[in-house]
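Enquirer: As input, take query-v9.txt (compact mmCIF, C-alpha atoms and all ligand atoms):
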```txt
# COMPACT_ATOMS: atom_id res chain seq x y z
CA MET A 1 4.14 -19.39 -72.29
CA SER A 2 7.32 -17.49 -71.48
CA GLU A 3 9.22 -18.05 -68.23
CA ILE A 4 7.72 -17.03 -64.91
CA LYS A 5 8.88 -13.56 -63.88
CA LEU A 6 10.40 -13.25 -60.40
CA ILE A 7 9.47 -10.08 -58.54
CA THR A 8 10.93 -8.20 -55.60
CA VAL A 9 8.33 -6.11 -53.77
CA LEU A 10 10.06 -3.36 -51.77
CA GLY A 11 7.63 -2.24 -49.06
CA SER A 12 5.37 -5.28 -49.47
CA THR A 13 3.43 -4.68 -46.24
CA GLY A 14 2.24 -1.21 -47.31
CA SER A 15 -0.79 -0.20 -49.31
CA ILE A 16 0.92 -0.51 -52.74
CA GLY A 17 2.78 -3.65 -51.61
CA VAL A 18 -0.42 -5.45 -50.59
CA ASN A 19 -2.15 -4.44 -53.83
CA THR A 20 0.86 -5.68 -55.82
CA LEU A 21 0.70 -9.09 -54.13
CA ASP A 22 -3.02 -9.21 -54.87
CA VAL A 23 -2.38 -8.76 -58.62
CA ILE A 24 0.60 -11.16 -58.65
CA GLN A 25 -1.47 -13.88 -56.97
CA ARG A 26 -4.08 -13.64 -59.74
CA HIS A 27 -1.43 -14.75 -62.26
CA PRO A 28 0.54 -17.70 -60.85
CA ASP A 29 1.33 -18.75 -64.42
CA ARG A 30 3.15 -15.44 -65.06
CA TYR A 31 4.62 -14.16 -61.79
CA SER A 32 6.22 -15.41 -58.63
CA VAL A 33 7.48 -13.47 -55.60
CA PHE A 34 11.27 -13.35 -55.30
CA ALA A 35 11.64 -11.09 -52.24
CA LEU A 36 9.45 -9.19 -49.81
CA THR A 37 10.54 -6.34 -47.53
CA ALA A 38 9.10 -4.50 -44.52
CA ASN A 39 10.17 -1.82 -42.11
CA THR A 40 9.00 -2.95 -38.65
CA SER A 41 5.91 -5.17 -39.04
CA VAL A 42 7.23 -8.70 -38.40
CA ASP A 43 3.70 -10.14 -38.12
CA ASP A 44 2.66 -8.82 -41.53
CA LEU A 45 5.83 -9.94 -43.27
CA PHE A 46 5.60 -13.39 -41.64
CA ALA A 47 2.05 -13.83 -43.00
CA GLN A 48 3.12 -12.66 -46.48
CA VAL A 49 6.10 -15.03 -46.52
CA MET A 50 3.87 -17.94 -45.51
CA ALA A 51 1.46 -17.09 -48.35
CA THR A 52 4.03 -16.56 -51.12
CA ALA A 53 7.20 -18.50 -50.13
CA PRO A 54 9.74 -15.99 -51.51
CA ARG A 55 13.44 -16.70 -51.68
CA TYR A 56 14.23 -13.67 -49.47
CA ALA A 57 12.53 -11.54 -46.83
CA VAL A 58 14.10 -8.31 -45.58
CA MET A 59 13.43 -6.46 -42.31
CA ARG A 60 14.82 -3.03 -41.47
CA ASP A 61 16.90 -4.11 -38.44
CA GLU A 62 18.84 -7.11 -37.21
CA GLU A 63 16.64 -7.74 -34.17
CA ARG A 64 13.40 -7.96 -36.12
CA ALA A 65 15.13 -10.05 -38.79
CA ALA A 66 16.15 -12.56 -36.07
CA ASP A 67 12.57 -12.63 -34.79
CA LEU A 68 11.20 -13.32 -38.28
CA ARG A 69 13.91 -15.93 -38.97
CA ASN A 70 13.05 -17.84 -35.78
CA ARG A 71 9.36 -17.83 -36.52
CA LEU A 72 9.90 -18.99 -40.10
CA ARG A 73 12.30 -21.73 -39.03
CA MET A 74 9.61 -23.34 -36.91
CA THR A 75 7.37 -23.69 -39.97
CA GLY A 76 10.07 -25.30 -42.12
CA SER A 77 10.13 -22.24 -44.43
CA GLU A 78 13.22 -21.97 -46.66
CA THR A 79 13.01 -18.20 -47.04
CA GLU A 80 16.29 -16.48 -46.21
CA VAL A 81 15.96 -13.42 -43.95
CA LEU A 82 18.18 -10.37 -44.53
CA TYR A 83 18.11 -6.92 -42.96
CA GLY A 84 18.93 -3.25 -43.39
CA GLU A 85 19.79 -1.20 -46.44
CA ALA A 86 22.32 -3.81 -47.58
CA GLY A 87 19.56 -6.44 -47.57
CA LEU A 88 17.21 -4.17 -49.54
CA ILE A 89 19.91 -3.46 -52.12
CA GLU A 90 20.80 -7.15 -52.42
CA VAL A 91 17.23 -8.17 -53.31
CA SER A 92 16.82 -5.18 -55.65
CA GLU A 93 19.87 -5.92 -57.79
CA HIS A 94 19.86 -9.72 -57.51
CA PRO A 95 20.57 -11.24 -60.94
CA GLN A 96 17.71 -13.76 -60.62
CA CYS A 97 15.07 -11.10 -60.02
CA HIS A 98 13.31 -9.77 -63.15
CA MET A 99 11.21 -6.91 -61.81
CA VAL A 100 11.23 -4.67 -58.76
CA MET A 101 8.16 -2.93 -57.38
CA ALA A 102 9.57 0.17 -55.63
CA ALA A 103 6.93 0.81 -52.96
CA ILE A 104 8.87 1.89 -49.89
CA VAL A 105 7.58 5.26 -48.72
CA GLY A 106 9.91 8.26 -48.66
CA ALA A 107 13.65 8.79 -49.00
CA ALA A 108 14.32 5.34 -47.48
CA GLY A 109 13.42 3.93 -50.90
CA LEU A 110 16.04 5.88 -52.83
CA LEU A 111 19.09 3.57 -52.72
CA PRO A 112 17.23 0.26 -53.18
CA THR A 113 15.25 1.73 -56.09
CA LEU A 114 18.41 3.08 -57.70
CA ALA A 115 20.04 -0.34 -57.24
CA ALA A 116 17.20 -1.92 -59.22
CA VAL A 117 17.55 0.74 -61.93
CA LYS A 118 21.33 0.32 -62.19
CA SER A 119 20.97 -3.43 -62.64
CA GLY A 120 18.79 -2.82 -65.71
CA LYS A 121 15.59 -4.49 -64.53
CA ARG A 122 11.99 -3.56 -65.07
CA VAL A 123 11.30 -1.09 -62.28
CA LEU A 124 7.71 -0.35 -61.29
CA LEU A 125 8.01 3.05 -59.66
CA ALA A 126 5.56 3.92 -56.89
CA ASN A 127 8.17 5.59 -54.65
CA LYS A 128 7.88 9.09 -56.13
CA GLU A 129 10.13 10.59 -53.43
CA ALA A 130 13.14 8.74 -54.94
CA LEU A 131 12.61 10.47 -58.27
CA VAL A 132 11.87 13.86 -56.67
CA MET A 133 15.18 13.66 -54.79
CA SER A 134 17.43 12.45 -57.56
CA GLY A 135 15.58 13.10 -60.88
CA GLN A 136 18.52 13.86 -63.12
CA ILE A 137 20.77 11.09 -61.81
CA PHE A 138 17.89 8.61 -61.68
CA MET A 139 16.84 9.19 -65.31
CA ALA A 140 20.47 9.10 -66.49
CA GLU A 141 20.88 5.71 -64.77
CA VAL A 142 17.70 4.46 -66.46
CA ALA A 143 19.06 5.50 -69.87
CA GLY A 144 22.51 4.06 -69.13
CA SER A 145 21.41 0.68 -67.77
CA GLY A 146 18.52 0.05 -70.15
CA ALA A 147 16.13 -0.44 -67.21
CA GLU A 148 12.44 -0.46 -68.14
CA LEU A 149 10.90 2.24 -65.97
CA LEU A 150 7.11 1.97 -65.65
CA PRO A 151 5.33 4.64 -63.61
CA ILE A 152 2.85 3.22 -61.08
CA ASP A 153 1.65 6.50 -59.57
CA SER A 154 -1.86 6.53 -61.10
CA GLU A 155 -1.46 9.94 -62.77
CA HIS A 156 1.89 9.11 -64.33
CA ASN A 157 0.65 5.72 -65.37
CA ALA A 158 -2.30 7.47 -67.05
CA ILE A 159 0.02 9.96 -68.79
CA TYR A 160 2.26 7.10 -69.91
CA GLN A 161 -0.75 5.34 -71.41
CA CYS A 162 -1.82 8.52 -73.27
CA MET A 163 1.66 9.44 -74.54
CA PRO A 164 2.88 8.64 -78.03
CA LEU A 165 4.86 5.37 -78.08
CA ASP A 166 8.10 7.22 -78.64
CA PHE A 167 8.55 10.57 -76.87
CA SER A 168 12.33 10.53 -76.92
CA ARG A 169 12.33 13.64 -79.19
CA GLY A 170 10.76 15.61 -76.35
CA LEU A 171 7.13 16.54 -75.83
CA ALA A 172 6.94 19.23 -78.51
CA GLY A 173 8.74 17.01 -81.04
CA SER A 174 6.11 14.31 -80.45
CA GLY A 175 3.13 16.61 -80.97
CA VAL A 176 2.30 16.92 -77.28
CA SER A 177 1.32 20.44 -76.22
CA ARG A 178 0.51 19.89 -72.53
CA ILE A 179 0.21 17.36 -69.74
CA LEU A 180 -2.89 17.76 -67.57
CA LEU A 181 -2.11 16.34 -64.15
CA THR A 182 -5.35 15.68 -62.28
CA GLY A 183 -5.87 15.53 -58.52
CA SER A 184 -8.97 15.13 -56.39
CA GLY A 185 -8.18 18.07 -54.09
CA GLY A 186 -8.22 15.68 -51.13
CA PRO A 187 -10.50 15.70 -48.10
CA PHE A 188 -10.20 19.48 -47.47
CA ARG A 189 -11.07 20.82 -50.91
CA GLU A 190 -14.06 22.64 -49.44
CA LEU A 191 -13.13 22.95 -45.75
CA PRO A 192 -13.44 26.56 -44.49
CA LEU A 193 -9.91 27.99 -44.30
CA GLN A 194 -10.22 28.87 -40.60
CA ASP A 195 -10.75 25.15 -39.80
CA PHE A 196 -7.35 24.08 -41.19
CA GLU A 197 -5.74 24.79 -37.77
CA ARG A 198 -7.79 22.08 -36.06
CA VAL A 199 -7.54 19.29 -38.61
CA THR A 200 -6.62 15.92 -37.03
CA PRO A 201 -4.41 13.16 -38.53
CA ASP A 202 -7.41 10.86 -38.93
CA GLN A 203 -9.36 13.53 -40.81
CA ALA A 204 -6.35 14.19 -43.05
CA CYS A 205 -5.99 10.45 -43.77
CA ALA A 206 -9.65 9.98 -44.70
CA HIS A 207 -9.27 10.47 -48.45
CA PRO A 208 -12.59 10.66 -50.30
CA ASN A 209 -11.59 8.35 -53.20
CA TRP A 210 -8.31 6.51 -52.53
CA SER A 211 -7.18 4.23 -49.71
CA MET A 212 -3.43 4.78 -49.17
CA GLY A 213 -0.63 4.83 -46.58
CA ARG A 214 -0.73 7.63 -43.98
CA LYS A 215 2.13 9.75 -45.32
CA ILE A 216 0.79 10.01 -48.87
CA SER A 217 -2.71 10.60 -47.47
CA VAL A 218 -1.49 13.69 -45.60
CA ASP A 219 0.39 14.76 -48.75
CA SER A 220 -2.90 14.50 -50.64
CA ALA A 221 -4.68 16.64 -48.04
CA THR A 222 -2.04 19.43 -48.38
CA MET A 223 -1.75 18.78 -52.14
CA MET A 224 2.01 18.35 -51.61
CA ASN A 225 1.32 15.00 -53.25
CA LYS A 226 0.35 16.84 -56.45
CA GLY A 227 3.46 18.99 -56.04
CA LEU A 228 5.71 15.91 -55.77
CA GLU A 229 3.86 14.43 -58.75
CA PHE A 230 4.45 17.63 -60.73
CA ILE A 231 8.20 17.20 -60.20
CA GLU A 232 7.91 13.46 -60.89
CA ALA A 233 6.17 14.17 -64.22
CA CYS A 234 8.83 16.69 -65.29
CA TRP A 235 11.52 14.01 -64.92
CA LEU A 236 9.58 11.01 -66.25
CA PHE A 237 8.37 12.74 -69.40
CA ASN A 238 11.21 15.18 -69.92
CA ALA A 239 8.74 18.06 -69.57
CA ASN A 240 9.33 21.71 -68.74
CA PRO A 241 7.33 22.96 -65.76
CA ASP A 242 5.29 25.18 -68.11
CA GLN A 243 4.18 22.11 -70.08
CA ILE A 244 2.27 20.69 -67.09
CA ASP A 245 -1.00 22.04 -65.67
CA VAL A 246 -2.63 20.76 -62.50
CA VAL A 247 -6.41 20.33 -62.70
CA VAL A 248 -8.60 19.51 -59.71
CA HIS A 249 -11.01 16.71 -60.59
CA PRO A 250 -12.92 15.63 -57.47
CA GLN A 251 -14.29 12.30 -58.77
CA SER A 252 -10.83 10.72 -59.47
CA VAL A 253 -12.17 8.91 -62.53
CA ILE A 254 -9.85 10.55 -65.05
CA HIS A 255 -6.33 9.80 -63.78
CA SER A 256 -4.61 12.41 -66.01
CA MET A 257 -4.56 13.61 -69.62
CA VAL A 258 -2.25 14.45 -72.51
CA GLU A 259 -3.12 17.27 -74.90
CA TYR A 260 -1.80 17.26 -78.48
CA VAL A 261 -1.12 20.16 -80.87
CA ASP A 262 -4.11 19.19 -83.03
CA GLY A 263 -6.47 19.84 -80.09
CA SER A 264 -6.95 16.18 -79.14
CA VAL A 265 -6.96 15.44 -75.42
CA LEU A 266 -6.43 11.80 -74.41
CA ALA A 267 -7.53 10.74 -70.95
CA GLN A 268 -7.09 7.46 -69.08
CA MET A 269 -10.08 6.59 -66.92
CA GLY A 270 -10.99 3.90 -64.44
CA ASN A 271 -12.15 3.29 -60.91
CA PRO A 272 -9.68 4.66 -58.35
CA ASP A 273 -7.90 1.41 -57.49
CA MET A 274 -4.10 1.09 -57.65
CA ARG A 275 -4.33 -2.46 -58.96
CA THR A 276 -4.99 -1.01 -62.45
CA PRO A 277 -1.63 0.80 -62.79
CA ILE A 278 0.12 -2.08 -60.98
CA ALA A 279 -1.30 -4.63 -63.44
CA TYR A 280 -0.34 -2.32 -66.32
CA GLY A 281 3.25 -2.17 -65.08
CA LEU A 282 3.50 -5.90 -64.50
CA GLY A 283 1.94 -6.91 -67.80
CA TRP A 284 3.29 -4.21 -70.15
CA PRO A 285 3.12 -4.29 -73.14
CA GLU A 286 0.32 -6.81 -72.61
CA ARG A 287 -2.82 -6.13 -70.57
CA ILE A 288 -3.66 -8.45 -67.69
CA GLU A 289 -6.63 -8.77 -65.38
CA SER A 290 -6.26 -6.75 -62.15
CA GLY A 291 -9.31 -7.54 -60.02
CA VAL A 292 -10.57 -3.94 -60.36
CA SER A 293 -14.30 -3.56 -60.98
CA LEU A 294 -15.09 -2.03 -64.35
CA LEU A 295 -16.03 1.63 -64.60
CA ASP A 296 -19.77 2.37 -64.63
CA LEU A 297 -19.95 5.78 -66.32
CA VAL A 298 -23.70 6.06 -65.84
CA LYS A 299 -23.18 5.67 -62.09
CA VAL A 300 -20.35 8.25 -62.16
CA ALA A 301 -22.78 10.51 -64.07
CA ARG A 302 -20.61 13.64 -64.10
CA LEU A 303 -17.00 14.74 -64.18
CA ASP A 304 -16.06 18.10 -62.62
CA PHE A 305 -12.92 20.18 -63.09
CA GLN A 306 -11.54 23.21 -61.23
CA ALA A 307 -8.30 25.18 -61.03
CA PRO A 308 -6.36 24.46 -57.79
CA ASP A 309 -6.79 27.16 -55.11
CA PRO A 310 -3.29 28.58 -54.35
CA VAL A 311 -4.32 29.99 -50.95
CA ARG A 312 -5.76 26.70 -49.74
CA PHE A 313 -2.87 24.62 -51.09
CA PRO A 314 0.44 26.53 -50.66
CA CYS A 315 2.43 23.27 -50.89
CA LEU A 316 1.65 23.01 -54.58
CA LYS A 317 3.20 26.41 -55.20
CA LEU A 318 6.28 25.49 -53.16
CA ALA A 319 6.81 22.33 -55.22
CA LYS A 320 6.49 24.18 -58.52
CA ALA A 321 8.97 26.79 -57.29
CA VAL A 322 11.59 24.19 -56.35
CA MET A 323 11.35 22.63 -59.82
CA GLN A 324 12.19 26.05 -61.29
CA GLU A 325 14.94 26.54 -58.72
CA GLY A 326 16.79 23.30 -59.55
CA LYS A 327 19.90 22.20 -57.59
CA THR A 328 19.05 20.43 -54.31
CA ALA A 329 15.80 22.39 -53.82
CA SER A 330 13.55 19.39 -54.44
CA VAL A 331 15.63 17.26 -52.04
CA VAL A 332 15.12 19.91 -49.35
CA LEU A 333 11.39 20.21 -50.03
CA ASN A 334 10.93 16.44 -49.83
CA ALA A 335 12.99 16.02 -46.66
CA ALA A 336 11.32 18.89 -44.80
CA ASN A 337 7.92 17.56 -45.86
CA GLU A 338 8.70 14.05 -44.58
CA ILE A 339 9.75 15.43 -41.16
CA VAL A 340 6.83 17.77 -40.66
CA VAL A 341 4.22 15.27 -41.94
CA GLN A 342 5.58 12.68 -39.50
CA ALA A 343 5.36 15.24 -36.67
CA PHE A 344 1.77 16.02 -37.66
CA LEU A 345 0.86 12.30 -37.74
CA GLU A 346 2.36 11.94 -34.25
CA GLY A 347 0.24 14.84 -32.98
CA LYS A 348 3.31 17.03 -32.43
CA THR A 349 2.41 19.86 -34.78
CA ARG A 350 -0.58 21.40 -36.50
CA PHE A 351 -1.67 20.68 -40.07
CA SER A 352 -1.21 24.35 -40.92
CA SER A 353 2.49 24.20 -39.89
CA ILE A 354 3.27 21.83 -42.75
CA PRO A 355 3.73 24.48 -45.49
CA GLU A 356 5.13 27.01 -43.01
CA VAL A 357 8.00 24.80 -41.87
CA ILE A 358 8.83 23.65 -45.39
CA GLU A 359 8.98 27.24 -46.59
CA GLN A 360 11.22 28.26 -43.67
CA VAL A 361 13.61 25.40 -44.41
CA LEU A 362 13.72 26.29 -48.11
CA GLU A 363 14.47 29.92 -47.25
CA THR A 364 17.26 29.03 -44.82
CA VAL A 365 19.15 26.21 -46.48
CA ARG A 366 22.00 26.77 -48.93
CA LEU A 367 21.30 24.95 -52.18
CA VAL A 368 24.07 23.14 -54.04
CA ASP A 369 24.24 21.34 -57.38
CA ALA A 370 22.83 17.81 -57.05
CA VAL A 371 25.92 16.29 -58.65
CA ASP A 372 25.87 12.86 -57.00
CA ILE A 373 23.97 10.72 -54.51
CA ASP A 374 26.22 11.66 -51.58
CA THR A 375 25.46 15.35 -52.17
CA ILE A 376 21.74 14.52 -52.32
CA LEU A 377 21.87 12.49 -49.09
CA GLY A 378 23.81 15.33 -47.43
CA ALA A 379 21.18 17.89 -48.46
CA ASP A 380 18.45 15.52 -47.25
CA ALA A 381 20.08 15.19 -43.81
CA GLU A 382 20.65 18.93 -43.48
CA ALA A 383 17.04 19.75 -44.39
CA ARG A 384 15.72 17.17 -41.91
CA ALA A 385 17.79 18.68 -39.10
CA LEU A 386 16.58 22.19 -39.96
CA ALA A 387 12.95 21.09 -40.15
CA ARG A 388 13.25 19.49 -36.67
CA GLU A 389 14.75 22.71 -35.36
CA PHE A 390 11.91 24.86 -36.76
CA LEU A 391 9.34 22.40 -35.40
CA GLN A 392 10.86 22.63 -31.96
CA ARG A 393 10.71 26.45 -32.06
CA LEU A 394 7.02 26.26 -33.02
CA SER A 395 6.22 24.04 -30.05
CA VAL A 396 7.78 26.31 -27.35
P1 LIG A 401 2.65 2.62 -46.80
O1 LIG A 401 3.01 3.48 -45.65
O2 LIG A 401 1.32 1.95 -46.81
O3 LIG A 401 3.76 1.48 -46.99
C1 LIG A 401 5.12 1.75 -46.97
C2 LIG A 401 5.96 0.49 -47.05
O4 LIG A 401 7.34 0.85 -46.93
C3 LIG A 401 5.69 -0.53 -45.92
O5 LIG A 401 5.87 -1.83 -46.41
C4 LIG A 401 6.78 -0.20 -44.90
O6 LIG A 401 7.11 -1.34 -44.11
C5 LIG A 401 7.93 0.20 -45.80
N1 LIG A 401 8.84 1.16 -45.16
C6 LIG A 401 8.49 2.32 -44.56
N2 LIG A 401 9.59 2.95 -44.08
C7 LIG A 401 10.63 2.17 -44.39
C8 LIG A 401 12.05 2.27 -44.14
N3 LIG A 401 12.56 3.31 -43.47
N4 LIG A 401 12.84 1.28 -44.58
C9 LIG A 401 12.33 0.22 -45.24
N5 LIG A 401 11.01 0.06 -45.51
C10 LIG A 401 10.18 1.03 -45.08
O7 LIG A 401 2.83 3.52 -48.12
P2 LIG A 401 2.08 3.38 -49.51
O8 LIG A 401 0.82 4.16 -49.49
O9 LIG A 401 2.05 1.95 -49.95
O10 LIG A 401 3.08 4.20 -50.46
C11 LIG A 401 4.31 3.66 -50.88
C12 LIG A 401 4.91 4.56 -51.94
O11 LIG A 401 4.06 4.55 -53.08
C13 LIG A 401 5.02 6.04 -51.51
O12 LIG A 401 6.18 6.58 -52.06
C14 LIG A 401 3.80 6.68 -52.12
O13 LIG A 401 3.99 8.04 -52.42
C15 LIG A 401 3.65 5.87 -53.41
N6 LIG A 401 2.27 5.83 -53.92
C16 LIG A 401 1.29 5.26 -53.19
C17 LIG A 401 -0.02 5.23 -53.66
C18 LIG A 401 -1.14 4.58 -52.88
O14 LIG A 401 -2.25 4.47 -53.38
N7 LIG A 401 -0.91 4.10 -51.67
C19 LIG A 401 -0.31 5.80 -54.90
C20 LIG A 401 0.72 6.38 -55.63
C21 LIG A 401 2.01 6.38 -55.15
MG MG A 402 -0.79 9.76 -57.57
```
Please express the file's structure as structure tokens.
Ligand code: NAD
Ligand code: MG
Expert:
Amino acid sequence: MSEIKLITVLGSTGSIGVNTLDVIQRHPDRYSVFALTANTSVDDLFAQVMATAPRYAVMRDEERAADLRNRLRMTGSETEVLYGEAGLIEVSEHPQCHMVMAAIVGAAGLLPTLAAVKSGKRVLLANKEALVMSGQIFMAEVAGSGAELLPIDSEHNAIYQCMPLDFSRGLAGSGVSRILLTGSGGPFRELPLQDFERVTPDQACAHPNWSMGRKISVDSATMMNKGLEFIEACWLFNANPDQIDVVVHPQSVIHSMVEYVDGSVLAQMGNPDMRTPIAYGLGWPERIESGVSLLDLVKVARLDFQAPDPVRFPCLKLAKAVMQEGKTASVVLNAANEIVVQAFLEGKTRFSSIPEVIEQVLETVRLVDAVDIDTILGADAEARALAREFLQRLSV
């Protein structure tokens, strides 16, 4: 047996983080936790540290780090507690860590994920916002450092599994004619349009097939999630926007497909449970057990497909447009979306304002070339400020 792989789980207390620890704990002969990180939940991180005894634990701020440190000290734990972005970067690029699961939600994951990429590790990418913000720079760093980038987003993991082994010559050069990106359509696929105004955060977070964090659940309800995934797929697979089609597939059994020039369409299927792509990323190129129940096709009985409705889901159109636009447009889209989704989750704005505010920000902001990370972070900050301003105007 080869050496035990040490893993940093960024965002370990979230939905992907918890599922990652579940898979890791099924394979104590293969994997061990190197570092765990959380934003504010000291109780959750304390429990995870007690269960996995990592070398490091990272909290977002100094005060919570001190709280966690004191509690751990009383148990005799040897885990070292760090904090802030510097702490996240330290555990992401640490020379003793073999793999990093990037599962912080939103732009906060960008710098730690990039640190893992630059240090040439295996990076399991759940944090799609990082790639949406910095696609070109991110993929150039992957190529330059020799990092092994494995997509964990279920659709991209499915596409990866259906791709030819070597697609470095581009999609067309590898015989691929199209990527079919599937999405369930979320909880409001059939909601009468006039009811969108009154949708509550809990309704938006009640996804029919997947259990996920609250931000990505709202993104799934607006289909901005599919929009972000469209951009993510362009970068991961070096695809032109016109080589990717979004297909609504309400059962979430097929996780995406790749079509070849000879007419073959390869699909990856399975129960909707993120432990499958997580186990794929951890074990690659081997397959390891994930704890996911096996697919019962007779019980599934049928698979349906529809074209996405552009009137119901304007966010999808906005995301496709920013991919065509280039420059910092995708940074702006992502930042405005994060602000307005947060406001919706806090009950400060309506569900139907989400696309409206994002569109206003995109129309107002001046786009620049996304030449480096500082430019990207500047565009992110500017878009957030504008989105807050538009939200405030809506509420008066
Ligand atoms: P979540 O909200 O459940 O968890 C987020 C994690 O990030 C938590 O551990 C939280 O403590 C941490 N975090 C949040 N803000 C932070 C900050 N400012 N600084 C440091 N840490 C912070 O989210 P999730 O559903 O697990 O999603 C995580 C990422 O994975 C997202 O980018 C999401 O789009 C992607 N993803 C999730 C799923 C899913 O099934 N949940 C599927 C595909 C992709
Ligand atoms: Mg997905």
Enquirer: Residues at most 8 Å from ligand LIG 401 (chain A), using all atoms listed in the file? Could they come as a short mmCIF file (atom, residue, chain, number, x, y, z; two decimals) with C-alpha atoms, in the coordinates of the input?
Expert:
```
data_model
loop_
_atom_site.label_atom_id
_atom_site.label_comp_id
_atom_site.auth_asym_id
_atom_site.auth_seq_id
_atom_site.Cartn_x
_atom_site.Cartn_y
_atom_site.Cartn_z
CA LEU A 10 10.06 -3.36 -51.77
CA GLY A 11 7.63 -2.24 -49.06
CA SER A 12 5.37 -5.28 -49.47
CA THR A 13 3.43 -4.68 -46.24
CA GLY A 14 2.24 -1.21 -47.31
CA SER A 15 -0.79 -0.20 -49.31
CA ILE A 16 0.92 -0.51 -52.74
CA GLY A 17 2.78 -3.65 -51.61
CA VAL A 18 -0.42 -5.45 -50.59
CA THR A 37 10.54 -6.34 -47.53
CA ALA A 38 9.10 -4.50 -44.52
CA ASN A 39 10.17 -1.82 -42.11
CA THR A 40 9.00 -2.95 -38.65
CA SER A 41 5.91 -5.17 -39.04
CA MET A 59 13.43 -6.46 -42.31
CA ARG A 60 14.82 -3.03 -41.47
CA GLY A 84 18.93 -3.25 -43.39
CA GLU A 85 19.79 -1.20 -46.44
CA LEU A 88 17.21 -4.17 -49.54
CA ALA A 102 9.57 0.17 -55.63
CA ALA A 103 6.93 0.81 -52.96
CA ILE A 104 8.87 1.89 -49.89
CA VAL A 105 7.58 5.26 -48.72
CA GLY A 106 9.91 8.26 -48.66
CA ALA A 107 13.65 8.79 -49.00
CA ALA A 108 14.32 5.34 -47.48
CA GLY A 109 13.42 3.93 -50.90
CA LEU A 125 8.01 3.05 -59.66
CA ALA A 126 5.56 3.92 -56.89
CA ASN A 127 8.17 5.59 -54.65
CA LYS A 128 7.88 9.09 -56.13
CA GLU A 129 10.13 10.59 -53.43
CA ALA A 130 13.14 8.74 -54.94
CA ILE A 152 2.85 3.22 -61.08
CA ASP A 153 1.65 6.50 -59.57
CA SER A 154 -1.86 6.53 -61.10
CA TRP A 210 -8.31 6.51 -52.53
CA SER A 211 -7.18 4.23 -49.71
CA MET A 212 -3.43 4.78 -49.17
CA GLY A 213 -0.63 4.83 -46.58
CA ARG A 214 -0.73 7.63 -43.98
CA LYS A 215 2.13 9.75 -45.32
CA ILE A 216 0.79 10.01 -48.87
CA SER A 217 -2.71 10.60 -47.47
CA ASN A 225 1.32 15.00 -53.25
CA ASP A 273 -7.90 1.41 -57.49
CA MET A 274 -4.10 1.09 -57.65
#
```
Enquirer: Residues at most 8 Å from A:Ala370, counting all atoms listed in the file, excluding those fewer than 6 positions away in the same chain, as a list in words?
Expert: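 So, after excluding close chain neighbours, the residues are Ser134, Lys327, Thr328 and Ile376 of chain A.
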Enquirer: Under the rule that all atoms listed in the file are counted, which of A:Met224, A:Ala383, A:Val292, A:Leu82 is the nearest residue to ligand MG 402 (chain A)?
Expert: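 Going through A:Met224, A:Ala383, A:Val292, A:Leu82 one by one, the smallest distance to ligand MG 402 (chain A) is for A:Met224.
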Enquirer: Do a neighbour search on stretch 347-354 of chain A at 8 Å with all atoms listed in the file, toss out local chain neighbours closer than 2 positions, and write the hits as an NGL selection string.
Expert: :A and (196-201 or 337 or 340-341 or 343-345 or 356-358 or 391 or 395)
Enquirer: Of the residues A:Asp22, A:Asp380, A:Glu155, A:Glu190, which is the one nearest to ligand MG 402 (chain A), using all atoms listed in the file?
Expert: A:Glu155
Enquirer: Do a neighbour search on A:Gln324 at 10 Å with all atoms listed in the file, toss out local chain neighbours closer than 6 positions, and write the hits as a PDB file with C-alpha atoms, in the coordinates of the input.
Expert:
```
ATOM      1  CA  ILE A 231       8.200  17.200 -60.200  1.00  0.00           C
ATOM      2  CA  ASN A 240       9.330  21.710 -68.740  1.00  0.00           C
ATOM      3  CA  PRO A 241       7.330  22.960 -65.760  1.00  0.00           C
ATOM      4  CA  ASP A 242       5.290  25.180 -68.110  1.00  0.00           C
ATOM      5  CA  SER A 330      13.550  19.390 -54.440  1.00  0.00           C
TER       6      SER A 330
END
```
Enquirer: Atom CA of A:Met323 and atom CA of A:Cys234, how far apart in Å?
Expert: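 Interatomic distance here is 8.5 Å.
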Enquirer: For a cutoff of 12 Å around the file-coordinate point (8.4, -19.8, -39.8), which residues qualify once you count all atoms listed in the file? I'd like the result as a VMD selection string.
Expert: chain A and resid 42 to 43 45 to 51 53 57 65 to 81
Enquirer: Select, from A:Cys315, A:Leu228, A:Ala329, A:Ala301, the residue with the minimum atom-to-atom distance to ligand MG 402 (chain A), counting all atoms listed in the file.
Expert: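 Closest candidate: A:Leu228.
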Enquirer: Suppose you want the space between atom CA of A:Met257 and atom CA of A:Ser174; what is it in Å?
Expert: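 That distance, rounded to one decimal, is 15.2 Å.
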Enquirer: Please measure the separation of atom CA of A:Val176 and atom CA of A:Tyr260, giving the value in Å to one decimal.
Expert: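 Atom-to-atom, atom CA of A:Val176 to atom CA of A:Tyr260, that is 4.3 Å.
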Enquirer: As AutoDock Vina command-line options, please report the centre and edge lengths, rounded to one decimal in Å, of the axis-aligned box that holds all listed atoms of stretch 244-255 of chain A with 4 Å of padding on each of the six sides.
Expert:
```
--center_x -6.0 --center_y 15.5 --center_z -62.3 --size_x 24.6 --size_y 21.1 --size_z 17.6
```
Enquirer: Rank nothing, just name the residue among A:Gly283, A:Pro95, A:Gly291, A:Gly183 nearest to A:Ile254, using all atoms listed in the file.
Expert: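 Using all atoms listed in the file, A:Ile254 sits closest to A:Gly183.
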Enquirer: With distances taken over only C-alpha atoms, which residue among A:Pro285, A:Pro187, A:Pro314, A:Val142 lies nearest A:Asp202?
Expert: A:Pro187
